[in-house]
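Source file protein-v2.tsv; content: TSV, C-alpha atoms.
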```tsv
chain	number	residue	atom	x	y	z
A	815	ASN	CA	0.00	0.00	0.00
A	816	VAL	CA	0.95	3.68	-0.08
A	817	LEU	CA	2.17	3.77	3.54
A	818	THR	CA	4.45	0.77	2.99
A	819	LYS	CA	5.96	2.25	-0.14
A	820	PHE	CA	6.53	5.55	1.69
A	821	LYS	CA	8.44	3.77	4.46
A	822	GLU	CA	10.70	2.13	1.87
A	823	LEU	CA	11.78	5.53	0.47
A	824	SER	CA	15.13	7.05	1.35
A	825	LEU	CA	15.27	9.99	3.79
A	826	LYS	CA	15.91	12.39	0.91
A	827	SER	CA	12.91	11.09	-1.03
A	828	LYS	CA	10.73	11.34	2.07
A	829	LEU	CA	11.70	14.98	2.60
A	830	ILE	CA	10.94	15.82	-1.03
A	831	ALA	CA	7.61	14.02	-0.92
A	832	GLY	CA	6.73	15.77	2.34
A	833	ALA	CA	7.58	19.19	0.94
A	834	VAL	CA	5.48	18.56	-2.17
A	835	GLY	CA	2.58	17.42	0.00
A	836	VAL	CA	2.73	20.53	2.18
A	837	ALA	CA	2.88	22.77	-0.92
A	838	VAL	CA	-0.19	21.06	-2.41
A	839	ILE	CA	-2.13	21.39	0.85
A	840	LEU	CA	-1.26	25.09	1.15
A	841	GLN	CA	-2.22	25.70	-2.48
A	842	VAL	CA	-5.58	23.98	-2.04
A	843	LYS	CA	-6.19	25.91	1.19
A	844	GLU	CA	-5.36	29.20	-0.55
A	845	ARG	CA	-7.83	28.44	-3.34
A	846	VAL	CA	-10.63	27.44	-0.98
A	847	ASN	CA	-10.02	30.17	1.59
A	848	PRO	CA	-7.58	32.75	0.17
A	849	THR	CA	-5.63	34.90	2.63
A	850	PRO	CA	-6.74	38.55	2.80
A	851	THR	CA	-4.05	40.49	0.93
A	852	VAL	CA	-2.64	44.02	0.91
A	853	SER	CA	-0.66	44.85	-2.23
A	854	VAL	CA	2.04	47.51	-2.32
A	855	ILE	CA	2.92	49.49	-5.47
A	856	THR	CA	6.16	51.46	-5.27
A	857	LEU	CA	6.45	54.41	-7.64
A	858	GLU	CA	9.96	55.81	-7.36
A	859	GLY	CA	11.87	58.03	-9.77
A	860	THR	CA	11.33	60.57	-12.49
A	861	ILE	CA	8.11	60.33	-14.51
A	862	ILE	CA	9.30	59.98	-18.08
A	863	ALA	CA	8.67	57.75	-21.09
A	864	GLY	CA	11.03	54.84	-21.75
A	865	ARG	CA	12.33	51.83	-19.86
A	866	SER	CA	15.10	53.63	-17.95
A	867	GLY	CA	16.57	57.09	-17.64
A	868	GLN	CA	20.12	58.19	-18.28
A	869	PHE	CA	22.73	56.39	-16.14
A	870	GLY	CA	20.10	53.69	-15.51
A	871	ASN	CA	18.11	55.69	-12.95
A	872	LYS	CA	14.59	54.56	-12.08
A	873	VAL	CA	11.73	55.99	-14.08
A	874	ILE	CA	7.95	55.92	-13.79
A	875	ASN	CA	5.75	55.43	-16.82
A	876	LEU	CA	2.98	53.10	-17.91
A	877	GLU	CA	5.40	50.80	-19.74
A	878	SER	CA	7.67	50.32	-16.72
A	879	THR	CA	4.85	49.96	-14.16
A	880	ARG	CA	2.12	48.04	-16.01
A	881	LYS	CA	3.23	44.55	-14.92
A	882	MET	CA	3.78	45.71	-11.33
A	883	ILE	CA	0.30	47.24	-11.21
A	884	ASP	CA	-1.27	44.14	-12.77
A	885	SER	CA	0.44	41.92	-10.18
A	886	ALA	CA	-0.70	44.17	-7.34
A	887	PHE	CA	-4.36	43.80	-8.34
A	888	LYS	CA	-4.12	40.06	-9.12
A	889	PRO	CA	-4.62	38.40	-5.67
A	890	ARG	CA	-8.01	36.74	-5.26
A	891	ASN	CA	-8.84	38.10	-1.80
A	892	LEU	CA	-7.42	41.59	-2.31
A	893	LYS	CA	-8.52	44.07	0.36
A	894	LEU	CA	-6.33	47.12	-0.15
A	895	VAL	CA	-3.69	48.54	-2.49
A	896	CYS	CA	-1.06	50.87	-1.05
A	897	VAL	CA	0.98	53.14	-3.31
A	898	ASN	CA	4.34	54.33	-1.98
A	899	ILE	CA	5.43	57.45	-3.88
A	900	ASN	CA	8.82	59.09	-4.09
A	901	SER	CA	8.96	61.24	-7.21
A	902	PRO	CA	9.89	64.81	-8.19
A	903	GLY	CA	7.48	64.72	-11.12
A	904	GLY	CA	7.96	64.73	-14.87
A	905	SER	CA	5.75	64.07	-17.87
A	906	PRO	CA	2.10	65.11	-17.48
A	907	VAL	CA	1.09	62.47	-20.03
A	908	GLN	CA	2.79	59.58	-18.23
A	909	SER	CA	1.50	60.86	-14.89
A	910	ASP	CA	-2.03	60.70	-16.25
A	911	LEU	CA	-1.56	57.30	-17.93
A	912	VAL	CA	-0.25	55.60	-14.78
A	913	SER	CA	-2.90	57.27	-12.61
A	914	GLN	CA	-5.77	56.26	-14.89
A	915	TYR	CA	-4.48	52.68	-15.17
A	916	ILE	CA	-4.41	52.26	-11.38
A	917	LYS	CA	-7.90	53.78	-11.10
A	918	MET	CA	-9.21	51.41	-13.79
A	919	GLN	CA	-7.83	48.36	-11.98
A	920	ALA	CA	-9.17	49.57	-8.62
A	921	ALA	CA	-12.65	50.06	-10.09
A	922	GLU	CA	-12.63	46.59	-11.66
A	923	ARG	CA	-11.61	44.93	-8.38
A	924	ASN	CA	-13.70	47.27	-6.21
A	925	VAL	CA	-10.76	47.89	-3.87
A	926	ASP	CA	-9.55	51.04	-2.12
A	927	VAL	CA	-6.21	52.66	-2.91
A	928	VAL	CA	-4.18	54.52	-0.26
A	929	ALA	CA	-1.08	56.59	-1.14
A	930	PHE	CA	1.92	57.20	1.09
A	931	VAL	CA	4.38	60.01	0.31
A	932	GLU	CA	7.97	59.24	1.24
A	933	ASP	CA	10.53	61.99	0.54
A	934	LEU	CA	8.42	63.82	-2.01
A	935	ALA	CA	5.34	63.71	-4.17
A	936	ALA	CA	5.90	66.92	-6.08
A	937	SER	CA	4.13	68.01	-9.23
A	938	GLY	CA	3.70	64.85	-11.34
A	939	GLY	CA	4.42	62.89	-8.15
A	940	PHE	CA	1.45	64.57	-6.51
A	941	TRP	CA	-0.62	63.83	-9.62
A	942	LEU	CA	0.11	60.14	-8.89
A	943	ALA	CA	-0.77	60.58	-5.21
A	944	CYS	CA	-4.17	61.97	-6.21
A	945	THR	CA	-4.92	58.59	-7.77
A	946	ALA	CA	-5.65	57.28	-4.28
A	947	ASP	CA	-8.77	57.52	-2.16
A	948	LYS	CA	-6.61	58.77	0.73
A	949	ILE	CA	-3.13	60.31	0.89
A	950	TYR	CA	-0.74	60.19	3.84
A	951	ALA	CA	2.64	61.87	4.17
A	952	ALA	CA	5.45	62.16	6.69
A	953	ARG	CA	5.75	65.50	8.50
A	954	SER	CA	8.81	66.47	6.49
A	955	SER	CA	7.74	65.08	3.11
A	956	PHE	CA	7.61	67.55	0.23
A	957	VAL	CA	4.11	67.72	-1.24
A	958	GLY	CA	2.43	69.81	-3.92
A	959	SER	CA	4.15	71.89	-6.60
A	960	ILE	CA	0.95	71.99	-8.64
A	961	GLY	CA	2.30	73.86	-11.63
A	962	VAL	CA	3.93	73.56	-15.05
A	963	ILE	CA	7.20	74.98	-16.35
A	964	SER	CA	9.00	75.51	-19.64
A	965	MET	CA	12.71	76.26	-19.69
A	966	GLY	CA	15.36	76.76	-22.33
A	967	LEU	CA	18.53	78.56	-23.38
A	968	GLY	CA	19.19	80.90	-26.27
A	969	PHE	CA	22.41	80.40	-28.24
A	970	HIS	CA	21.93	82.88	-31.07
A	971	GLU	CA	24.54	85.31	-29.69
A	972	LEU	CA	27.00	82.46	-29.13
A	973	ILE	CA	26.85	81.13	-32.68
A	974	LYS	CA	27.00	84.70	-34.03
A	975	LYS	CA	30.27	85.20	-32.14
A	976	TYR	CA	31.80	82.21	-33.91
A	977	GLY	CA	30.41	83.06	-37.33
A	978	ILE	CA	27.87	80.22	-37.35
A	979	GLU	CA	24.59	80.71	-39.21
A	980	SER	CA	21.39	78.81	-38.38
A	981	ARG	CA	19.37	77.74	-41.42
A	982	VAL	CA	15.86	76.45	-40.74
A	983	PHE	CA	13.11	75.83	-43.29
A	984	THR	CA	9.55	75.02	-42.24
A	985	ALA	CA	6.08	74.65	-43.72
A	986	GLY	CA	3.76	76.25	-41.17
A	987	GLU	CA	4.63	79.46	-39.36
A	988	ASN	CA	4.50	77.85	-35.93
A	989	LYS	CA	6.30	74.62	-36.79
A	990	LEU	CA	9.44	75.80	-35.00
A	991	VAL	CA	8.83	77.48	-31.66
A	992	LEU	CA	11.55	78.74	-29.30
A	993	ASP	CA	14.44	77.92	-31.62
A	994	PRO	CA	17.54	78.22	-29.36
A	995	LEU	CA	19.57	79.44	-32.35
A	996	SER	CA	17.27	82.38	-33.11
A	997	PRO	CA	16.23	85.45	-31.07
A	998	LEU	CA	13.16	85.01	-28.88
A	999	LYS	CA	9.87	85.99	-30.55
A	1000	GLU	CA	6.82	87.32	-28.69
A	1001	SER	CA	4.57	85.06	-30.74
A	1002	ASP	CA	6.51	82.05	-29.46
A	1003	VAL	CA	6.09	83.25	-25.87
A	1004	GLU	CA	2.31	83.47	-26.31
A	1005	ILE	CA	2.16	79.94	-27.75
A	1006	ILE	CA	4.15	78.50	-24.85
A	1007	LYS	CA	2.09	80.37	-22.26
A	1008	THR	CA	-1.09	78.93	-23.79
A	1009	ARG	CA	0.31	75.41	-23.62
A	1010	LEU	CA	1.40	75.87	-20.03
A	1011	SER	CA	-2.00	77.23	-19.08
A	1012	ASP	CA	-3.79	74.27	-20.69
A	1013	LEU	CA	-1.61	71.73	-18.88
A	1014	HIS	CA	-2.02	73.60	-15.61
A	1015	GLU	CA	-5.80	73.46	-15.94
A	1016	HIS	CA	-5.63	69.70	-16.52
A	1017	PHE	CA	-3.55	69.32	-13.37
A	1018	ILE	CA	-5.90	71.49	-11.29
A	1019	GLU	CA	-8.94	69.56	-12.53
A	1020	HIS	CA	-7.29	66.27	-11.55
A	1021	VAL	CA	-6.49	67.49	-8.03
A	1022	LYS	CA	-9.96	68.94	-7.47
A	1023	THR	CA	-11.64	65.77	-8.70
A	1024	SER	CA	-9.52	63.68	-6.33
A	1025	ARG	CA	-9.56	65.87	-3.22
A	1026	GLY	CA	-12.98	67.49	-3.57
A	1027	ASP	CA	-14.24	69.34	-0.51
A	1028	ARG	CA	-11.20	68.20	1.50
A	1029	LEU	CA	-9.24	71.12	0.01
A	1030	LYS	CA	-9.04	73.89	2.62
A	1031	ALA	CA	-7.59	76.88	0.73
A	1032	ASP	CA	-8.40	78.96	-2.35
A	1033	ASP	CA	-7.09	78.24	-5.84
A	1034	LYS	CA	-4.50	81.00	-5.70
A	1035	THR	CA	-2.88	79.39	-2.68
A	1036	LEU	CA	-3.13	75.76	-3.74
A	1037	PHE	CA	-2.26	75.97	-7.42
A	1038	ASN	CA	0.57	78.51	-7.61
A	1039	GLY	CA	3.30	75.86	-7.92
A	1040	GLU	CA	4.46	76.05	-4.31
A	1041	VAL	CA	5.69	72.97	-2.48
A	1042	TRP	CA	4.90	72.34	1.20
A	1043	THR	CA	5.94	69.99	3.97
A	1044	GLY	CA	3.57	67.18	4.87
A	1045	GLN	CA	2.35	69.04	7.94
A	1046	LYS	CA	1.42	72.14	5.94
A	1047	ALA	CA	-0.10	70.01	3.19
A	1048	LEU	CA	-2.38	68.49	5.82
A	1049	GLU	CA	-3.54	71.96	6.88
A	1050	LEU	CA	-4.29	72.78	3.22
A	1051	GLY	CA	-6.22	69.55	2.67
A	1052	LEU	CA	-3.78	68.12	0.14
A	1053	VAL	CA	-3.23	65.04	2.32
A	1054	ASP	CA	-5.48	63.20	4.77
A	1055	GLY	CA	-3.04	62.63	7.59
A	1056	ILE	CA	0.52	62.36	8.85
A	1057	ASP	CA	1.46	58.70	8.67
A	1058	THR	CA	3.80	56.17	7.09
A	1059	PHE	CA	3.10	52.89	5.34
A	1060	ASP	CA	4.67	50.83	8.15
A	1061	GLY	CA	2.77	52.71	10.83
A	1062	TYR	CA	-0.51	52.40	8.96
A	1063	ILE	CA	-0.16	48.64	8.42
A	1064	ASP	CA	0.88	48.09	12.04
A	1065	ARG	CA	-2.06	50.08	13.39
A	1066	GLU	CA	-4.77	48.83	11.03
A	1067	TYR	CA	-3.79	45.16	10.73
A	1068	VAL	CA	-0.98	43.90	12.94
A	1069	ARG	CA	-2.28	45.28	16.25
A	1070	LYS	CA	-5.80	44.16	15.44
A	1071	GLY	CA	-4.55	40.59	15.12
A	1072	LYS	CA	-5.69	40.17	11.52
A	1073	LEU	CA	-3.99	37.52	9.42
A	1074	TRP	CA	-3.08	39.40	6.27
A	1075	ARG	CA	-0.58	38.86	3.52
A	1076	ILE	CA	1.40	41.77	2.09
A	1077	ILE	CA	2.84	41.46	-1.42
A	1078	THR	CA	5.19	43.93	-3.08
A	1079	PRO	CA	5.58	43.54	-6.86
A	1080	LYS	CA	8.80	45.01	-8.25
A	1081	GLN	CA	9.07	48.01	-10.56
A	1082	SER	CA	11.27	47.60	-13.63
A	1083	GLY	CA	14.14	49.99	-14.28
A	1084	GLY	CA	17.19	51.18	-12.42
A	1085	GLY	CA	20.68	49.73	-12.05
A	1086	LEU	CA	24.08	50.11	-10.45
A	1087	LEU	CA	24.66	53.65	-11.70
A	1088	SER	CA	21.23	54.58	-10.36
A	1089	SER	CA	22.51	54.09	-6.82
A	1090	LEU	CA	25.60	56.19	-7.55
A	1091	PHE	CA	23.87	59.09	-9.30
A	1092	ARG	CA	20.53	59.59	-7.58
A	1093	ALA	CA	18.34	62.70	-7.90
A	1094	PRO	CA	18.90	65.53	-7.40
A	1095	PHE	CA	22.57	65.00	-8.28
A	1096	GLN	CA	22.08	62.68	-11.24
A	1097	PRO	CA	19.71	64.87	-13.32
A	1098	ALA	CA	22.10	67.77	-12.89
A	1099	VAL	CA	25.00	65.67	-14.18
A	1100	ASN	CA	23.01	64.56	-17.23
A	1101	ASN	CA	22.05	68.02	-18.26
A	1102	ILE	CA	25.28	69.83	-17.51
A	1103	LEU	CA	26.96	67.29	-19.77
A	1104	SER	CA	24.37	67.88	-22.49
A	1105	GLN	CA	24.77	71.65	-22.20
A	1106	LEU	CA	28.55	71.39	-22.50
A	1107	ALA	CA	28.25	69.01	-25.44
A	1108	PHE	CA	25.92	71.42	-27.20
A	1109	ALA	CA	28.34	74.31	-26.80
A	1110	ALA	CA	31.24	72.17	-27.96
A	1111	ILE	CA	29.63	70.98	-31.21
A	1112	SER	CA	27.38	73.93	-31.98
A	1113	GLY	CA	28.99	74.23	-35.42
A	1114	SER	CA	27.50	70.91	-36.55
A	1115	LEU	CA	24.03	71.16	-35.02
A	1116	GLN	CA	21.02	69.50	-36.56
A	1117	GLN	CA	17.84	71.56	-36.62
A	1118	HIS	CA	15.24	71.01	-33.89
A	1119	SER	CA	11.59	71.46	-34.64
A	1120	SER	CA	10.37	72.52	-31.17
A	1121	PRO	CA	13.00	72.42	-28.44
A	1122	ASN	CA	10.89	73.77	-25.60
A	1123	ASN	CA	9.94	71.67	-22.59
A	1124	GLN	CA	6.62	71.74	-20.79
A	1125	VAL	CA	6.49	69.45	-17.79
A	1126	LEU	CA	5.07	69.11	-14.36
A	1127	TYR	CA	7.82	70.29	-12.07
A	1128	GLN	CA	9.14	70.10	-8.54
A	1129	GLU	CA	10.44	72.81	-6.27
A	1130	ASP	CA	12.98	71.46	-3.81
A	1131	ILE	CA	13.69	73.71	-0.82
A	1132	SER	CA	17.41	73.16	-0.89
A	1133	ALA	CA	20.04	75.71	-1.80
A	1134	SER	CA	22.50	72.90	-2.51
A	1135	SER	CA	20.31	71.22	-5.14
A	1136	LEU	CA	20.08	72.04	-8.81
A	1137	TYR	CA	17.38	70.27	-10.78
A	1138	LEU	CA	17.73	70.31	-14.52
A	1139	ASP	CA	15.85	68.76	-17.39
A	1140	GLN	CA	15.95	64.96	-17.31
A	1141	GLN	CA	15.73	64.43	-21.08
A	1142	SER	CA	16.34	67.72	-22.78
A	1143	ASN	CA	17.46	68.94	-26.13
A	1144	PRO	CA	21.00	70.25	-25.68
A	1145	GLY	CA	19.88	73.87	-25.87
A	1146	CYS	CA	17.21	73.64	-23.19
A	1147	ALA	CA	16.46	73.42	-19.51
A	1148	LEU	CA	18.96	75.19	-17.36
A	1149	THR	CA	17.41	77.74	-15.03
A	1150	LEU	CA	17.64	79.13	-11.52
A	1151	GLU	CA	14.41	80.84	-10.56
A	1152	ASP	CA	14.82	81.39	-6.83
A	1153	PRO	CA	17.82	81.33	-4.45
A	1154	THR	CA	16.14	78.66	-2.32
A	1155	ALA	CA	13.92	76.85	-4.81
A	1156	PHE	CA	14.98	75.24	-8.03
A	1157	LYS	CA	12.65	74.00	-10.72
A	1158	ILE	CA	12.75	70.66	-12.52
A	1159	SER	CA	11.60	69.64	-15.99
A	1160	GLN	CA	11.85	66.11	-17.28
A	1161	GLU	CA	10.41	65.54	-20.72
A	1162	ASN	CA	10.04	67.26	-24.08
A	1163	LEU	CA	6.55	67.63	-25.49
A	1164	LYS	CA	7.39	68.20	-29.13
A	1165	MET	CA	6.67	66.97	-32.63
A	1166	LYS	CA	9.44	66.77	-35.18
```
Take the structure in the file and write it out as structure tokens.
Amino acid sequence: NVLTKFKELSLKSKLIAGAVGVAVILQVKERVNPTPTVSVITLEGTIIAGRSGQFGNKVINLESTRKMIDSAFKPRNLKLVCVNINSPGGSPVQSDLVSQYIKMQAAERNVDVVAFVEDLAASGGFWLACTADKIYAARSSFVGSIGVISMGLGFHELIKKYGIESRVFTAGENKLVLDPLSPLKESDVEIIKTRLSDLHEHFIEHVKTSRGDRLKADDKTLFNGEVWTGQKALELGLVDGIDTFDGYIDREYVRKGKLWRIITPKQSGGGLLSSLFRAPFQPAVNNILSQLAFAAISGSLQQHSSPNNQVLYQEDISASSLYLDQQSNPGCALTLEDPTAFKISQENLKMK
């Protein structure tokens, strides 16, 4: 019989058979009575299209987060999805795509989403935070920066000094806007201001839809691009409380004696150089190099159709930090707007 045959097995075979049996029992138990599960989505890095940023730094976009989000909403007995956010912002398009994808999954599974701000959820990072039903931040987290910025450099005087002539031919009077090799035109300024205003309105609409009557200040205060600490953000109604992911889980589940499983799918992207050149230092390195390269080879430039950047941006209250454009054309994105607050832009919105 089966028992006799089992006794005749070697010790190694018995251990293997026992392990397989335990695994089968646990799998059957999980199917019949699945463990209540809390999933954790970690969104860390600059919000920008593509699999990875320069130097292999982590990025956030729909392509790099789709599998992680799918895995987070996959458990059968899913009770809650937590989103840990640590991002200075970036592309408004990718911010919206990731946010809408999480909302779609949450609606399909009928599960709540709670966001936790780590170091910062600024600009596009706050757009992501507003995906959640509730937002929590640490007292010293940076939150907000609900604004849009466009930055660039003009090189027309530089190339003139070296006897270099820019030759650009277009069909359509507004095909080339803010050409760094030509003097600034008022018509270009008006076009860029209109774009910025449109994007800003989209951002404001998203925040108001998410936060609703929890907002405790007027539009002029909330949507002027300022960044606040978590404590101030709570007073303004931008977050629901001062808390951390670990504290929340401990209070809501561990201390209440609930048997819950926590799963943390991994986000793609990043690498060794990511740990060596982290923001804010790494974006500055990327863009200083691109600026120097542009100046060095300005005599052999190819023409750019629209080198301006419009992105959701972060203000970092740090006089030792310099945030530059994460993926700029060489002639763009180097600016210092305030002695204690530097702006960031991460992605070109252009059509060649």
### Task
Compare A:Leu1050, A:Ile1056, A:Val1041, A:Val1003 by their minimum atom-to-atom distance to Asp1027 in chain A, counting only C-alpha atoms, and give me the closest one.
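Using only C-alpha atoms, Asp1027 in chain A sits closest to A:Leu1050.
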#### Entry: All residues 8 Å or closer to Glu858 in chain A, only C-alpha atoms, same chain fewer than 3 positions away omitted, as a PyMOL selection string
chain A and resi 872-874+898-901
### Task
Quote the spacing between CA of Lys881 in chain A and CA of Ala929 in chain A in Å to one decimal place.
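About the pair CA of Lys881 in chain A and CA of Ala929 in chain A: they are 18.8 Å apart.
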### Query
With distances taken over only C-alpha atoms, which of A:Phe930, A:Trp941, A:Phe1037, A:Phe1059 is nearest to Ser913 in chain A?
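Looking only at the distances to Ser913 in chain A, the closest residue turns out to be A:Trp941.
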### Task
May I ask for the distance between CA of Leu1052 in chain A and CA of Leu1029 in chain A, given in Å to one decimal place?
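A separation of 6.2 Å between them.
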### Task
Please measure the separation of CA of Leu967 in chain A and CA of Pro902 in chain A, giving the value in Å to one decimal.
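Here the two named atoms are 22.2 Å from each other.
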### Task
May I have the residues within 12 Å of Leu934 in chain A as an MDAnalysis selection string, using all atoms listed in the file and disregarding those fewer than 4 positions away in the same chain?
chainID A and resid 857:860 898:903 929:930 938:943 950:959 1041:1044 1047 1093:1094 1127:1131
### Task
Could you check which of A:Arg1028, A:Lys893, A:Arg880, A:Arg923 is closest to Leu911 in chain A, using all atoms listed in the file?
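Checking each of A:Arg1028, A:Lys893, A:Arg880, A:Arg923 against Leu911 in chain A, counting all atoms listed in the file, the winner is A:Arg880.
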Identify, on the basis of only C-alpha atoms, every residue whose closest approach to Pro1079 in chain A does not exceed 9 Å; exclude the query and any residue fewer than 4 positions from it along the same chain; express the result as an mmCIF file with C-alpha atoms, keeping the file's coordinate frame.
```cif
data_model
loop_
_atom_site.group_PDB
_atom_site.id
_atom_site.type_symbol
_atom_site.label_atom_id
_atom_site.label_comp_id
_atom_site.auth_asym_id
_atom_site.auth_seq_id
_atom_site.Cartn_x
_atom_site.Cartn_y
_atom_site.Cartn_z
ATOM 1 C CA SER A 853 -0.660 44.850 -2.230
ATOM 2 C CA VAL A 854 2.040 47.510 -2.320
ATOM 3 C CA ILE A 855 2.920 49.490 -5.470
ATOM 4 C CA THR A 856 6.160 51.460 -5.270
ATOM 5 C CA LYS A 881 3.230 44.550 -14.920
ATOM 6 C CA MET A 882 3.780 45.710 -11.330
ATOM 7 C CA ILE A 883 0.300 47.240 -11.210
ATOM 8 C CA SER A 885 0.440 41.920 -10.180
ATOM 9 C CA ALA A 886 -0.700 44.170 -7.340
#
```
